[in-house]
Amino acid sequence: MTTSARIGIRGRLFAAFGLVAMATVAAAIVAWISFTRLGDTLDDMAGRSVPAVTYAAELAEQGGGIIGTAQALAAAQNENERKRAWELLAIRLQGMNALLEATSKGDDNKDLLVDFRKDMVTLQSNLQHLNFVVRQRLERVARKEELSERLRWASADFLDEVEPMIDDTRFNINLALSRVGESSILTAHLENELARQRALFMINADGSLLAELIGRAENIPSLDALKGTELYFHEVESRINENFQTIEKVPGALSLRQSIKDILAFANSPQGLFQIRTQELADIESEKELLVKNQLLLQHLDALISERVSWESSRALDAAERSRTSIQQGRLWMTVAVFISVFVAIPVVWIYVGQGLVGRLRTLDESMRTIAEGDLNARVPVSGHDEIGEMANSLRTFRDTLSETQAELVQAAKLAALGQLTAGIAHEINQPLAAIRHYSRNTGLLVEKGRVDDARNNLDKITSLVEKANHIIEGLRALARKPKRDIRPTDMMSALNEALTLLEGRLRDQMVDVDMLIEDECRSVLAGQVRLEQVLINLINNAIDAMTNTPVRRMIISARRDKEWVELKLQDTGSGIAAEHIEQIFDPFFTTKDVGEGLGLGLSVSYNIIRDFGGNMRAESQDDKGATFWLRLKYAS
Ligand code: ADP
């Protein structure tokens, strides 16, 4: 047995389906890996990227809120508004810090977080500073209002002081005017009074102007304008001082000077309105700066957030790209695995199973059928080194053995027939021999007596008896001759006559009538003369045996032509064949005859001979109505 034979059909199918199964398992593993990777990516996106983007959006919203609230804080007009804005800011800052903490959980981007935190700390301190500045500004505003109120009173006081003094000077002037011309002293006095009055007018106007300037300073929108106003204020102040020199000796001048001083105090002290307004403007400036800084900080935070969002987006995109690649790879490998399965399965099923196994089994089956039908020349192709090859080898051996066995059986059957015939022939030949002996003795006596004609008569009888014996011997010789294997057009009629001649003695002894209904066109068939005779002898012998105990003993032998076939029918009136035996009569060694009378080989050998001729043979029987045998032979034109 070769190596490939040892692998066998089972091994090959196992290998092929193993390969298919492996490809399927590989496809499943690839699918599993791809799905796991995809699942991980989706988990990562759902667990990190999506929340990060959400947090980023919330951070941006909180940032916007902080800008708005910081502006509201800067614009606060009173303490309540400031407090409310500051509280809201504190809440927003807290929310923003919480969001930052949430975002930073498990974050790989540490630098970004550090920047975030730094910005938040700066933002927080800026806002605190803003709050402080706003509070300070509001305090200044309150103080300013208080000072303004007081300035109004001081200004009223000043007017109360200056107006009677002007009235006095006016009285003095009128009085001096009434006395004008009386003396030069009076004229000088009048001029003096006029100068005082002028100075008082000026002081009155300048005092009001000072109060007006201080009052206006409260709302001056810029530092430059404030400085200009302050300079002007000092100019007016020095003018008032000059004018005071003129009214030095006027009663009430001291008190008036005091009220002017009171007004000046609103401007010149470190807590004066100019100072407060300067500080207030500085506060407003620093508020603006802080707001700008905050805005910048929040813009920076916004940029950081955007950076983070884009970082997360790029991570998500990377992950999606990786998933896509792994899905593509998975798809490719799965396709490869499926193709391998298909490319292995199709050749295995189509070529190996379909043609290699089923095809060879079918051929072997045909060979078996042909052999079973008796054609021992059937071709048995042996191919492959597997179980089917071994089966084909066994079948070939079987066919060869069967062929030899059949040849031996034919020989055995022939010998059996010969034995049977020998007894009959001995009996047949003994009779002519005894007659010849009798006639020859008698002829001698007739010759002695000179009865020549009678003697010739006897010699004729002897001659015919010798011819008869010769005929019998010729038949025997033909049967004993080694059968020719060649099949050729044969005269069926002559084979029948030979058989009947050989069995003439038995037919006569058993008193069997033989009717022959054979037309000439049925005579020529494809067969071997001797073997056809052997078959016919067999059939007629069996019919004689079957009619031993029947009252009517008759054989009808007829033939008819059916296109290229000739059908020979041998019908007897014997015991017939039992229904349970009809299927077996062609089996070798099947016999219903007593031991020594039949071997059970005749019909099986006959059957095979007829098959050899390319024909076939069958039997039919009805109870007690005899048996009929049909031989179907090819017509030889
Ligand atoms: P054998 O004659 O040695 O028994 P055969 O093969 O010639 O062997 O016949 C087998 C059997 O078939 C016979 O034993 C007999 O039972 C049956 N048989 C054959 N021919 C006839 C027939 N013409 N009538 C009845 N039975 C028959």
# chains A, B, ... in the order shown; residues from 1 in each chain; ligands from 1

call {"tool": "closest_atom_pairs", "arguments": {"of": "chain A", "to": "ligand 1", "cutoff": "8 Å", "atoms": "only C-alpha atoms and all ligand atoms", "output": "Markdown table"}}
result
| residue | atom | partner | partner_atom_place_in_ligand_line | distance |
| --- | --- | --- | --- | --- |
| A:Asn538 | CA | ligand 1 | 7 (O) | 6.2 |
| A:Leu539 | CA | ligand 1 | 20 (N) | 6.2 |
| A:Ile540 | CA | ligand 1 | 23 (N) | 7.3 |
| A:Asn541 | CA | ligand 1 | 2 (O) | 7.7 |
| A:Asn542 | CA | ligand 1 | 20 (N) | 4.4 |
| A:Ala543 | CA | ligand 1 | 23 (N) | 3.7 |
| A:Ile544 | CA | ligand 1 | 23 (N) | 7.4 |
| A:Asp545 | CA | ligand 1 | 22 (C) | 7.4 |
| A:Ala546 | CA | ligand 1 | 24 (N) | 4.7 |
| A:Met547 | CA | ligand 1 | 24 (N) | 7.6 |
| A:Gln571 | CA | ligand 1 | 23 (N) | 7.6 |
| A:Asp572 | CA | ligand 1 | 23 (N) | 6.3 |
| A:Gly574 | CA | ligand 1 | 24 (N) | 5.7 |
| A:Ser575 | CA | ligand 1 | 25 (C) | 5.6 |
| A:Gly576 | CA | ligand 1 | 25 (C) | 4.2 |
| A:Ile577 | CA | ligand 1 | 26 (N) | 4.6 |
| A:Ala578 | CA | ligand 1 | 26 (N) | 7.9 |
| A:His581 | CA | ligand 1 | 16 (O) | 7.6 |
| A:Ile582 | CA | ligand 1 | 12 (O) | 8.0 |
| A:Ile585 | CA | ligand 1 | 12 (O) | 4.7 |
| A:Phe586 | CA | ligand 1 | 6 (O) | 6.1 |
| A:Asp587 | CA | ligand 1 | 6 (O) | 7.3 |
| A:Pro588 | CA | ligand 1 | 6 (O) | 6.8 |
| A:Phe589 | CA | ligand 1 | 6 (O) | 6.8 |
| A:Phe590 | CA | ligand 1 | 10 (C) | 5.4 |
| A:Thr591 | CA | ligand 1 | 14 (O) | 3.4 |
| A:Thr592 | CA | ligand 1 | 14 (O) | 3.9 |
| A:Lys593 | CA | ligand 1 | 14 (O) | 5.0 |
| A:Glu597 | CA | ligand 1 | 3 (O) | 6.8 |
| A:Gly598 | CA | ligand 1 | 3 (O) | 3.2 |
| A:Leu599 | CA | ligand 1 | 3 (O) | 4.0 |
| A:Gly600 | CA | ligand 1 | 8 (O) | 3.2 |
| A:Leu601 | CA | ligand 1 | 6 (O) | 4.4 |
| A:Gly602 | CA | ligand 1 | 7 (O) | 3.6 |
| A:Leu603 | CA | ligand 1 | 6 (O) | 3.6 |
| A:Ser604 | CA | ligand 1 | 6 (O) | 5.7 |
| A:Val605 | CA | ligand 1 | 6 (O) | 7.6 |
| A:Ser621 | CA | ligand 1 | 25 (C) | 8.0 |
| A:Gly626 | CA | ligand 1 | 24 (N) | 6.2 |
| A:Ala627 | CA | ligand 1 | 24 (N) | 5.0 |
| A:Thr628 | CA | ligand 1 | 23 (N) | 6.9 |
| A:Phe629 | CA | ligand 1 | 23 (N) | 7.5 |

call {"tool": "residues_around", "arguments": {"residues": "range 53-56 of chain A", "least_positions_apart": "6", "cutoff": "9 Å", "atoms": "only C-alpha atoms", "output": "ChimeraX atom specification"}}
result
/A:99-100,102-103,302,305-306,308-310,312-313

call {"tool": "decode", "arguments": {"residues": "range 280-404 of chain A", "atoms": "C-alpha atoms", "output": "mmCIF file, in the first residue's frame"}}
result
data_model
loop_
_atom_site.group_PDB
_atom_site.id
_atom_site.type_symbol
_atom_site.label_atom_id
_atom_site.label_comp_id
_atom_site.auth_asym_id
_atom_site.auth_seq_id
_atom_site.Cartn_x
_atom_site.Cartn_y
_atom_site.Cartn_z
ATOM 1 C CA GLU A 280 -13.027 107.061 40.349
ATOM 2 C CA LEU A 281 -11.842 107.563 36.778
ATOM 3 C CA ALA A 282 -8.788 105.442 37.605
ATOM 4 C CA ASP A 283 -11.132 102.809 38.990
ATOM 5 C CA ILE A 284 -13.211 102.919 35.852
ATOM 6 C CA GLU A 285 -10.034 102.610 33.811
ATOM 7 C CA SER A 286 -8.818 99.661 35.813
ATOM 8 C CA GLU A 287 -12.298 98.102 35.610
ATOM 9 C CA LYS A 288 -12.094 98.424 31.862
ATOM 10 C CA GLU A 289 -8.624 96.961 31.854
ATOM 11 C CA LEU A 290 -9.711 94.114 34.060
ATOM 12 C CA LEU A 291 -12.687 93.462 31.833
ATOM 13 C CA VAL A 292 -10.433 93.433 28.808
ATOM 14 C CA LYS A 293 -8.018 91.132 30.625
ATOM 15 C CA ASN A 294 -10.886 88.878 31.613
ATOM 16 C CA GLN A 295 -12.132 88.837 28.096
ATOM 17 C CA LEU A 296 -8.658 87.962 26.883
ATOM 18 C CA LEU A 297 -8.379 85.280 29.522
ATOM 19 C CA LEU A 298 -11.714 83.859 28.569
ATOM 20 C CA GLN A 299 -10.737 84.047 24.925
ATOM 21 C CA HIS A 300 -7.598 82.145 25.844
ATOM 22 C CA LEU A 301 -9.712 79.652 27.749
ATOM 23 C CA ASP A 302 -11.968 79.463 24.732
ATOM 24 C CA ALA A 303 -8.947 78.802 22.559
ATOM 25 C CA LEU A 304 -7.823 76.116 25.004
ATOM 26 C CA ILE A 305 -11.284 74.620 24.921
ATOM 27 C CA SER A 306 -11.282 74.686 21.132
ATOM 28 C CA GLU A 307 -7.839 73.137 21.197
ATOM 29 C CA ARG A 308 -9.136 70.457 23.501
ATOM 30 C CA VAL A 309 -12.212 69.901 21.363
ATOM 31 C CA SER A 310 -10.120 69.652 18.249
ATOM 32 C CA TRP A 311 -7.690 67.397 20.100
ATOM 33 C CA GLU A 312 -10.586 65.173 21.153
ATOM 34 C CA SER A 313 -12.033 65.362 17.665
ATOM 35 C CA SER A 314 -8.723 64.353 16.163
ATOM 36 C CA ARG A 315 -8.477 61.521 18.694
ATOM 37 C CA ALA A 316 -12.002 60.438 17.778
ATOM 38 C CA LEU A 317 -11.158 60.757 14.095
ATOM 39 C CA ASP A 318 -7.974 58.750 14.660
ATOM 40 C CA ALA A 319 -9.967 56.121 16.503
ATOM 41 C CA ALA A 320 -12.595 56.107 13.752
ATOM 42 C CA GLU A 321 -9.811 55.800 11.183
ATOM 43 C CA ARG A 322 -8.275 52.933 13.124
ATOM 44 C CA SER A 323 -11.692 51.259 13.349
ATOM 45 C CA ARG A 324 -12.224 51.789 9.657
ATOM 46 C CA THR A 325 -8.840 50.254 8.896
ATOM 47 C CA SER A 326 -9.475 47.330 11.200
ATOM 48 C CA ILE A 327 -12.923 46.812 9.660
ATOM 49 C CA GLN A 328 -11.392 46.952 6.193
ATOM 50 C CA GLN A 329 -8.715 44.497 7.225
ATOM 51 C CA GLY A 330 -11.328 42.287 8.859
ATOM 52 C CA ARG A 331 -13.433 42.464 5.725
ATOM 53 C CA LEU A 332 -10.422 41.574 3.592
ATOM 54 C CA TRP A 333 -9.414 38.641 5.761
ATOM 55 C CA MET A 334 -12.979 37.413 5.984
ATOM 56 C CA THR A 335 -13.277 37.596 2.208
ATOM 57 C CA VAL A 336 -9.995 35.703 1.887
ATOM 58 C CA ALA A 337 -11.254 33.065 4.339
ATOM 59 C CA VAL A 338 -14.575 32.764 2.507
ATOM 60 C CA PHE A 339 -12.759 32.488 -0.836
ATOM 61 C CA ILE A 340 -10.472 29.818 0.591
ATOM 62 C CA SER A 341 -13.538 27.924 1.891
ATOM 63 C CA VAL A 342 -15.279 28.246 -1.462
ATOM 64 C CA PHE A 343 -12.151 27.419 -3.474
ATOM 65 C CA VAL A 344 -11.501 24.372 -1.323
ATOM 66 C CA ALA A 345 -15.141 23.271 -1.041
ATOM 67 C CA ILE A 346 -15.919 23.550 -4.781
ATOM 68 C CA PRO A 347 -13.014 21.427 -6.016
ATOM 69 C CA VAL A 348 -13.579 18.954 -3.179
ATOM 70 C CA VAL A 349 -17.301 18.595 -3.842
ATOM 71 C CA TRP A 350 -17.210 19.054 -7.610
ATOM 72 C CA ILE A 351 -13.943 17.509 -8.699
ATOM 73 C CA TYR A 352 -12.913 15.155 -5.935
ATOM 74 C CA VAL A 353 -16.311 13.941 -4.651
ATOM 75 C CA GLY A 354 -18.233 14.459 -7.913
ATOM 76 C CA GLN A 355 -15.746 13.125 -10.393
ATOM 77 C CA GLY A 356 -13.071 11.453 -8.312
ATOM 78 C CA LEU A 357 -15.347 9.533 -5.972
ATOM 79 C CA VAL A 358 -18.883 9.425 -7.336
ATOM 80 C CA GLY A 359 -17.667 9.161 -10.954
ATOM 81 C CA ARG A 360 -15.315 6.321 -10.131
ATOM 82 C CA LEU A 361 -17.950 4.613 -7.952
ATOM 83 C CA ARG A 362 -20.424 4.867 -10.831
ATOM 84 C CA THR A 363 -17.920 3.325 -13.248
ATOM 85 C CA LEU A 364 -17.227 0.594 -10.741
ATOM 86 C CA ASP A 365 -20.964 0.072 -10.267
ATOM 87 C CA GLU A 366 -21.403 -0.314 -14.034
ATOM 88 C CA SER A 367 -18.557 -2.830 -14.117
ATOM 89 C CA MET A 368 -20.165 -4.749 -11.241
ATOM 90 C CA ARG A 369 -23.540 -4.786 -12.979
ATOM 91 C CA THR A 370 -21.971 -5.961 -16.233
ATOM 92 C CA ILE A 371 -20.132 -8.727 -14.413
ATOM 93 C CA ALA A 372 -23.307 -9.621 -12.463
ATOM 94 C CA GLU A 373 -25.145 -9.877 -15.794
ATOM 95 C CA GLY A 374 -22.581 -12.429 -16.872
ATOM 96 C CA ASP A 375 -20.199 -10.420 -19.014
ATOM 97 C CA LEU A 376 -16.918 -11.532 -17.625
ATOM 98 C CA ASN A 377 -15.038 -9.502 -20.207
ATOM 99 C CA ALA A 378 -16.320 -6.359 -18.520
ATOM 100 C CA ARG A 379 -13.667 -3.671 -18.193
ATOM 101 C CA VAL A 380 -12.752 -2.782 -14.622
ATOM 102 C CA PRO A 381 -10.780 0.471 -14.655
ATOM 103 C CA VAL A 382 -8.417 0.703 -11.696
ATOM 104 C CA SER A 383 -7.479 4.273 -10.856
ATOM 105 C CA GLY A 384 -6.405 5.982 -7.679
ATOM 106 C CA HIS A 385 -4.705 4.641 -4.630
ATOM 107 C CA ASP A 386 -7.600 4.841 -2.256
ATOM 108 C CA GLU A 387 -10.417 2.602 -1.055
ATOM 109 C CA ILE A 388 -12.192 2.781 -4.432
ATOM 110 C CA GLY A 389 -8.964 1.764 -6.170
ATOM 111 C CA GLU A 390 -8.750 -1.177 -3.797
ATOM 112 C CA MET A 391 -12.410 -2.044 -4.508
ATOM 113 C CA ALA A 392 -11.681 -1.946 -8.256
ATOM 114 C CA ASN A 393 -8.691 -4.240 -7.736
ATOM 115 C CA SER A 394 -10.832 -6.650 -5.712
ATOM 116 C CA LEU A 395 -13.536 -6.549 -8.387
ATOM 117 C CA ARG A 396 -10.989 -7.297 -11.053
ATOM 118 C CA THR A 397 -9.691 -10.239 -9.043
ATOM 119 C CA PHE A 398 -13.283 -11.374 -8.515
ATOM 120 C CA ARG A 399 -14.031 -11.104 -12.252
ATOM 121 C CA ASP A 400 -10.909 -13.060 -13.151
ATOM 122 C CA THR A 401 -11.621 -15.726 -10.558
ATOM 123 C CA LEU A 402 -15.233 -15.907 -11.682
ATOM 124 C CA SER A 403 -14.138 -16.260 -15.261
ATOM 125 C CA GLU A 404 -11.877 -19.150 -14.345
#
